[in-house]
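First the structure, in the form of structure tokens, and then the observations on it.
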Amino acid sequence: MEYAVVALAAAPVRRKPGHSREMVNQLLFGESVKVLKSKKDLWVKIRSLHDGYEGWMTNTMLEPVDETTANSMSVFASTSLLTPIYLGEKKINIPAGSSLPFFEQGKGRIGLTEYSYSGTYVKRDEQKPGPGLIHELTAAWLNAPYLWGGRTPLGVDCSGFVQVIYKLMGMDLPRDAWQQAQEGKEVKKFSQVQAGDLAFFDNKEDIVHVGIMLDKDQLIHASGKVKLDTITKKGIVSTDPGRRTLRLRSIRRLW
């Protein structure tokens, strides 16, 4: 198996092979990978094709495909938080941001297996990022629990949240916050911030957090849970403790 596609709702990707190892990422239904190497007939090291992120997962979560199929990135993605999809005779509840390979008129194909899907979706290459779309896509995620490495409404981290929201707007971003901070162009004046800009925060050295601006002074981000907080040019003023909790490093615009 050299290429494969995720055939479950969300597949954990771990730093090292082993079920007890740290989960560093999740891959969603329909996302493709390149298999780099295998270990003990179960674990495979993979590189996700949409962002180049590497890690270990079990081959039981993957459906082998050829290179051409793996690189045929789907322009369709699911938008409801959790929606049933019928993969052959199996029912799976896939999360928002899942890819829908070879999707047409409610049907598609994962490897050699056909699926049917009647939920809401977007055609990514027809999306027009803007304030209205940002508010529409992020609102349903409020109070989703924080999960290191997570990318679903049942558990998500800060950069995973940003990555999935931007995926639904037709833009593929890197996985981690420090990588995302290298995208787009810097907004040099805080007064010029717009909805959809990404705000990055540091610990005086490294970038450790990211969130999405909803307007000039409000941020939605995954910190404990997905929530709204006030932001100033110095950093986040959390609604929970009522004090500045993270220092603002930069704001960047990706369109």
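Order determines the names: the first chain of the structure tokens is A, the second B, and so forth; residues in each chain are numbered 1 upward, and ligands are numbered 1 upward as they are shown.
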
**Message:** Give me, as a PyMOL selection string, the residues of stretch 14-192 of chain A that a backbone DSSP run labels alpha helix (DSSP H).
**Reply:** chain A and resi 67-70+131-139+158-168+177-180

Taking N, CA and C atoms for each residue, export the selection above as an mmCIF file, in the first residue's frame.
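result32.cif written:
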```cif
data_model
loop_
_atom_site.group_PDB
_atom_site.id
_atom_site.type_symbol
_atom_site.label_atom_id
_atom_site.label_comp_id
_atom_site.auth_asym_id
_atom_site.auth_seq_id
_atom_site.Cartn_x
_atom_site.Cartn_y
_atom_site.Cartn_z
ATOM 1 N N GLU A 67 -2.056 6.163 -6.969
ATOM 2 C CA GLU A 67 -1.519 7.518 -6.802
ATOM 3 C C GLU A 67 -2.420 8.573 -7.442
ATOM 4 N N THR A 68 -2.935 8.288 -8.619
ATOM 5 C CA THR A 68 -3.800 9.252 -9.305
ATOM 6 C C THR A 68 -5.054 9.544 -8.486
ATOM 7 N N THR A 69 -5.661 8.487 -7.948
ATOM 8 C CA THR A 69 -6.863 8.654 -7.131
ATOM 9 C C THR A 69 -6.555 9.440 -5.865
ATOM 10 N N ALA A 70 -5.447 9.121 -5.218
ATOM 11 C CA ALA A 70 -5.066 9.806 -3.985
ATOM 12 C C ALA A 70 -4.856 11.295 -4.218
ATOM 13 N N PRO A 131 -16.566 37.917 5.707
ATOM 14 C CA PRO A 131 -17.107 37.962 7.073
ATOM 15 C C PRO A 131 -18.349 37.105 7.264
ATOM 16 N N GLY A 132 -19.283 37.147 6.315
ATOM 17 C CA GLY A 132 -20.507 36.370 6.461
ATOM 18 C C GLY A 132 -20.238 34.883 6.529
ATOM 19 N N LEU A 133 -19.364 34.397 5.664
ATOM 20 C CA LEU A 133 -19.044 32.978 5.632
ATOM 21 C C LEU A 133 -18.286 32.562 6.886
ATOM 22 N N ILE A 134 -17.386 33.418 7.351
ATOM 23 C CA ILE A 134 -16.651 33.135 8.592
ATOM 24 C C ILE A 134 -17.616 32.926 9.756
ATOM 25 N N HIS A 135 -18.569 33.828 9.931
ATOM 26 C CA HIS A 135 -19.529 33.718 11.028
ATOM 27 C C HIS A 135 -20.392 32.474 10.872
ATOM 28 N N GLU A 136 -20.813 32.185 9.662
ATOM 29 C CA GLU A 136 -21.670 31.025 9.405
ATOM 30 C C GLU A 136 -20.956 29.716 9.739
ATOM 31 N N LEU A 137 -19.703 29.590 9.328
ATOM 32 C CA LEU A 137 -18.986 28.331 9.517
ATOM 33 C C LEU A 137 -18.515 28.113 10.949
ATOM 34 N N THR A 138 -18.187 29.181 11.668
ATOM 35 C CA THR A 138 -17.618 29.021 13.007
ATOM 36 C C THR A 138 -18.663 28.917 14.113
ATOM 37 N N ALA A 139 -19.839 29.504 13.925
ATOM 38 C CA ALA A 139 -20.830 29.604 15.009
ATOM 39 C C ALA A 139 -21.215 28.249 15.585
ATOM 40 N N CYS A 158 -6.465 24.368 18.590
ATOM 41 C CA CYS A 158 -6.588 25.708 17.999
ATOM 42 C C CYS A 158 -6.284 25.719 16.510
ATOM 43 N N SER A 159 -5.186 25.077 16.108
ATOM 44 C CA SER A 159 -4.817 25.112 14.695
ATOM 45 C C SER A 159 -5.661 24.146 13.871
ATOM 46 N N GLY A 160 -6.139 23.065 14.514
ATOM 47 C CA GLY A 160 -7.045 22.161 13.812
ATOM 48 C C GLY A 160 -8.356 22.831 13.477
ATOM 49 N N PHE A 161 -8.862 23.639 14.406
ATOM 50 C CA PHE A 161 -10.080 24.410 14.173
ATOM 51 C C PHE A 161 -9.907 25.361 13.003
ATOM 52 N N VAL A 162 -8.814 26.095 13.003
ATOM 53 C CA VAL A 162 -8.527 27.032 11.915
ATOM 54 C C VAL A 162 -8.400 26.289 10.589
ATOM 55 N N GLN A 163 -7.691 25.172 10.600
ATOM 56 C CA GLN A 163 -7.463 24.433 9.356
ATOM 57 C C GLN A 163 -8.767 23.933 8.737
ATOM 58 N N VAL A 164 -9.681 23.394 9.569
ATOM 59 C CA VAL A 164 -10.940 22.872 9.039
ATOM 60 C C VAL A 164 -11.833 24.005 8.533
ATOM 61 N N ILE A 165 -11.927 25.095 9.273
ATOM 62 C CA ILE A 165 -12.760 26.225 8.835
ATOM 63 C C ILE A 165 -12.259 26.762 7.499
ATOM 64 N N TYR A 166 -10.952 26.908 7.364
ATOM 65 C CA TYR A 166 -10.407 27.405 6.102
ATOM 66 C C TYR A 166 -10.553 26.387 4.981
ATOM 67 N N LYS A 167 -10.490 25.107 5.322
ATOM 68 C CA LYS A 167 -10.737 24.080 4.305
ATOM 69 C C LYS A 167 -12.134 24.260 3.718
ATOM 70 N N LEU A 168 -13.110 24.536 4.573
ATOM 71 C CA LEU A 168 -14.484 24.717 4.110
ATOM 72 C C LEU A 168 -14.658 25.994 3.291
ATOM 73 N N ALA A 177 0.083 25.839 14.227
ATOM 74 C CA ALA A 177 -0.045 27.296 14.301
ATOM 75 C C ALA A 177 1.201 28.005 13.775
ATOM 76 N N TRP A 178 2.392 27.511 14.128
ATOM 77 C CA TRP A 178 3.614 28.189 13.689
ATOM 78 C C TRP A 178 3.759 28.130 12.172
ATOM 79 N N GLN A 179 3.239 27.057 11.562
ATOM 80 C CA GLN A 179 3.269 26.955 10.103
ATOM 81 C C GLN A 179 2.238 27.886 9.472
ATOM 82 N N GLN A 180 1.059 27.945 10.061
ATOM 83 C CA GLN A 180 0.011 28.826 9.553
ATOM 84 C C GLN A 180 0.438 30.294 9.627
#
```

**Prompt:** Near A:Val13, within 8 Å and counting only C-alpha atoms, which residues show up once chain neighbours fewer than 4 positions away are dropped, as a VMD selection string?
**Reply:** chain A and resid 23 to 27 55 to 57

**Exercise: A:Asp197 partners within 8 Å, only C-alpha atoms, chain neighbours under 2 positions left out, as a PyMOL selection string** = chain A and resi 193-195+199+212-213+251-254

What would the file look like if the residues just selected were written as a PDB file, in the first residue's frame with N, CA and C atoms?
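Generated output (selection.pdb):
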```pdb
ATOM      1  N   VAL A 193      -7.780  45.376  11.232  1.00  0.00           N
ATOM      2  CA  VAL A 193      -8.176  43.964  11.323  1.00  0.00           C
ATOM      3  C   VAL A 193      -9.571  43.753  10.746  1.00  0.00           C
ATOM      4  N   GLN A 194      -9.757  42.621  10.051  1.00  0.00           N
ATOM      5  CA  GLN A 194     -11.051  42.260   9.472  1.00  0.00           C
ATOM      6  C   GLN A 194     -11.446  40.851   9.901  1.00  0.00           C
ATOM      7  N   ALA A 195     -12.732  40.546   9.808  1.00  0.00           N
ATOM      8  CA  ALA A 195     -13.213  39.192  10.077  1.00  0.00           C
ATOM      9  C   ALA A 195     -12.532  38.204   9.136  1.00  0.00           C
ATOM     10  N   ALA A 199      -5.162  35.471  14.089  1.00  0.00           N
ATOM     11  CA  ALA A 199      -4.362  36.089  15.142  1.00  0.00           C
ATOM     12  C   ALA A 199      -3.473  35.022  15.775  1.00  0.00           C
ATOM     13  N   ILE A 212      -9.338  32.900  15.080  1.00  0.00           N
ATOM     14  CA  ILE A 212      -9.906  33.588  13.928  1.00  0.00           C
ATOM     15  C   ILE A 212     -10.624  34.845  14.391  1.00  0.00           C
ATOM     16  N   MET A 213     -10.286  35.974  13.805  1.00  0.00           N
ATOM     17  CA  MET A 213     -10.955  37.229  14.140  1.00  0.00           C
ATOM     18  C   MET A 213     -12.369  37.225  13.567  1.00  0.00           C
ATOM     19  N   ILE A 251      -0.983  39.369  13.319  1.00  0.00           N
ATOM     20  CA  ILE A 251      -2.245  39.088  12.661  1.00  0.00           C
ATOM     21  C   ILE A 251      -1.957  39.005  11.174  1.00  0.00           C
ATOM     22  N   ARG A 252      -2.516  37.955  10.530  1.00  0.00           N
ATOM     23  CA  ARG A 252      -2.229  37.755   9.122  1.00  0.00           C
ATOM     24  C   ARG A 252      -3.514  37.545   8.344  1.00  0.00           C
ATOM     25  N   ARG A 253      -3.532  38.037   7.116  1.00  0.00           N
ATOM     26  CA  ARG A 253      -4.693  37.942   6.222  1.00  0.00           C
ATOM     27  C   ARG A 253      -4.355  37.002   5.074  1.00  0.00           C
ATOM     28  N   LEU A 254      -5.251  36.051   4.820  1.00  0.00           N
ATOM     29  CA  LEU A 254      -4.959  35.017   3.843  1.00  0.00           C
ATOM     30  C   LEU A 254      -5.705  35.184   2.525  1.00  0.00           C
TER      31      LEU A 254
END
```

**Request:** Compare A:Leu246, A:Val187, A:Leu42, A:Val6 by their minimum atom-to-atom distance to A:Val208, counting only C-alpha atoms, and give me the closest one.
**Result:**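 Checking each of A:Leu246, A:Val187, A:Leu42, A:Val6 against A:Val208, counting only C-alpha atoms, the winner is A:Leu246.
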
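Look at A:Asp125: the protein and nucleic acid residues within 10 Å of it, using only C-alpha atoms and passing over chain neighbours fewer than 6 places away, are Ser74, Val75, Phe76, Leu168, Met169, Gly170 and Met171 of chain A.
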
**Request:** Work out how far apart atom CA of A:His209 and atom CA of A:Ala140 are and give it in Å to one decimal.
**Result:** 20.9 Å

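For the residues A:Pro17, A:Gly211, A:Gly88, A:Gly130, ranking by smallest atom-to-atom distance to A:Ser250 using only C-alpha atoms places A:Gly211 first.
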
Counting only C-alpha atoms, which residues of stretch 83-155 of chain A sit at most 10 Å from some atom of stretch 59-63 of chain A, and what is each one's closest atom pair with its distance in Å to one decimal, listed by chain and rising residue number, as a tab-separated table?
```
residue	atom	partner	partner_atom	distance
A:Ile110	CA	A:Glu63	CA	7.2
A:Gly111	CA	A:Glu63	CA	6.1
A:Leu112	CA	A:Glu63	CA	8.5
A:Thr113	CA	A:Glu63	CA	9.0
```

**Asked** What is the distance, in Å and to one decimal place, between atom CA of A:Thr232 and atom CA of A:Gln192?
**Response**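 Interatomic distance, atom CA of A:Thr232 to atom CA of A:Gln192: 12.5 Å.
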
**Message:** Going by DSSP on the backbone, which residues of stretch 93-127 of chain A come out as strand (DSSP E or B)? List them as a list in words.
**Reply:**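 Going through stretch 93-127 of chain A, the strand (DSSP E or B) residues come out as Asn93, Ile94, Pro95, Ser99, Glu104, Lys107, Gly108, Arg109, Ile110, Thr113, Glu114, Tyr115, Ser116, Tyr117, Tyr121, Val122 and Lys123 of chain A.
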
Write out the residues from the selection above, keeping C-alpha atoms, as a compact mmCIF listing (two decimals), in the first residue's frame.
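part16.txt, written as the output of this step:
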```
# COMPACT_ATOMS: atom_id res chain seq x y z
CA ASN A 93 -21.29 9.77 11.13
CA ILE A 94 -18.70 11.99 9.49
CA PRO A 95 -17.62 15.36 10.94
CA SER A 99 -13.85 15.25 2.04
CA GLU A 104 -21.90 13.54 -7.69
CA LYS A 107 -23.06 9.38 -4.38
CA GLY A 108 -19.32 8.90 -4.43
CA ARG A 109 -16.52 6.39 -4.07
CA ILE A 110 -13.80 5.60 -1.51
CA THR A 113 -16.39 1.12 -2.21
CA GLU A 114 -19.34 3.33 -3.14
CA TYR A 115 -20.98 5.63 -0.61
CA SER A 116 -24.12 7.74 -0.43
CA TYR A 117 -24.43 11.11 1.31
CA TYR A 121 -21.80 20.25 1.73
CA VAL A 122 -19.83 22.94 -0.05
CA LYS A 123 -17.99 22.96 -3.34
```

**Message:** Nearest residue to A:Thr120 out of A:Val156, A:Ile92, A:Ala77, A:Val226, using only C-alpha atoms?
**Reply:** A:Ala77

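The nearest approach to A:Arg151 among the residues A:Phe29, A:Ala10, A:Glu22, A:Lys90, with only C-alpha atoms taken into account, belongs to A:Ala10.
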
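Shortest atom-to-atom contact with A:Asp215 among A:Asp202, A:Asp66, A:Asp229, A:Asp51: A:Asp229, counting only C-alpha atoms.
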
**Asked** How far is it from atom CA of A:Tyr53 to atom CA of A:Val5, in Å with one decimal?
**Response** 14.6 Å
